[in-house]
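For reference, the structure discussed in these notes is given below.
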Amino acid sequence: MRSLRIAHLYPRDLNVYGDLGNVITLVKRLEWRGYRAEVLPVEAGRPVDFSSVDLVFGGGGQDSGQLVSAGDLLERGPELHRMVDDGVPMLLVCGSYQLFGREFTTSDGRHVPGLGIFRSATVGGPHRMIGNIVLESPFGRLVGFENHSGRTVLDPGQEALGTVVQGFGNNGSSGEEGAVTGNAIGTYLHGPVLPKNPVLADHLLLTALRRRYGVEELRPLNDELELRAANVAASRPQGRAATLRPRHRPLHRIVAALRSL
Ligand code: GLN
């Protein structure tokens, strides 16, 4: 039985807003077509043989989770660049997307060098961009959920994934969302993004199957439920930029709360 190896980057530290659901979607859409899937967790400090990897997925994370993973990711940068050059399909969501850019600055000003696979720079800030998001893209309409403070600016000539129809996208002002370098796709769309966007999921799978086995088409699946979910999400009102408020509670109120226990 033909099989694909999917590398899941830092599943402990970069996996928010249901992003693990993207890996589950890739596995199930392979199995429903008679293929086998093997998921390879990539954890900091653990050696990984990327030469046998057919598809790479990275999810989103808090600034802190990104800081934990950034050093290890940088060490794997040369291998990941080679894989991009070799046409390996990748999907990087939010926190991972930011780290695959040239540089990322956290919302409290800590600077993190990125891989430079996307020619982009991201700066975190006091306002979070939250809510359902709809794009127009080469894969048609894409629907997801975004929650990020990072504002990503693409260098001139860096291809975007799509154009924002509803939502904030890369930075709330350029009208662009995501980035594409070769078969590597970066996006702010959580949700998870793949269950509601089967065209994108199958694009990643077919790219990997074509590269590994010369497969030229995938048997169509009944995506009625997936598309209904996408329509519901797309119909929900867009969120709004939320200003970060310090989450501390005044000490006297904490003391009073403790006394009342
Ligand atoms: N910590 C990053 C930001 O706030 C990424 C967030 C995420 O992955 N959802 O922009």
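Naming scheme: A, B, ... for chains in displayed order of the structure tokens; residues 1 onward per chain; ligands 1 onward as shown.
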If we count only C-alpha atoms and set the cut-off at 6 Å, which residues sit around segment 32-44 of chain A, ignoring sequence neighbours fewer than 4 positions away in its own chain? Please answer as an MDAnalysis selection string. chainID A and resid 2:10 27:28 72
Taking only C-alpha atoms and all ligand atoms and a cut-off of 9 Å, can you tell me which residues surround ligand 1, written as number ranges by chain? A: 14-17, 59-66, 93-98, 106-107, 122-125, 128-129, 146-152, 188-190
Apply DSSP to the backbone of this structure and, from segment 53-218 of chain A, keep only the residues in strand (DSSP E); write these as an MDAnalysis selection string. chainID A and resid 55:58 90:93 103:105 111:113 120:123 127:137 140:148 151:154 162:166 176:177 179:181 184:187
Measuring between only C-alpha atoms, which one of A:Pro198, A:Gly167, A:Pro78, A:Pro126 shows the shortest distance to Gly109 of chain A? A:Pro126
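By chain and then residue number, the residues within 7 Å of segment 160-165 of chain A are A:Val134, A:Leu135, A:Glu136, A:Ser137, A:Gly169, A:Gly175, A:Glu176, A:Glu177, A:Gly178, A:Ala179, A:Val180, counting only C-alpha atoms and disregarding those fewer than 4 positions away in sequence.
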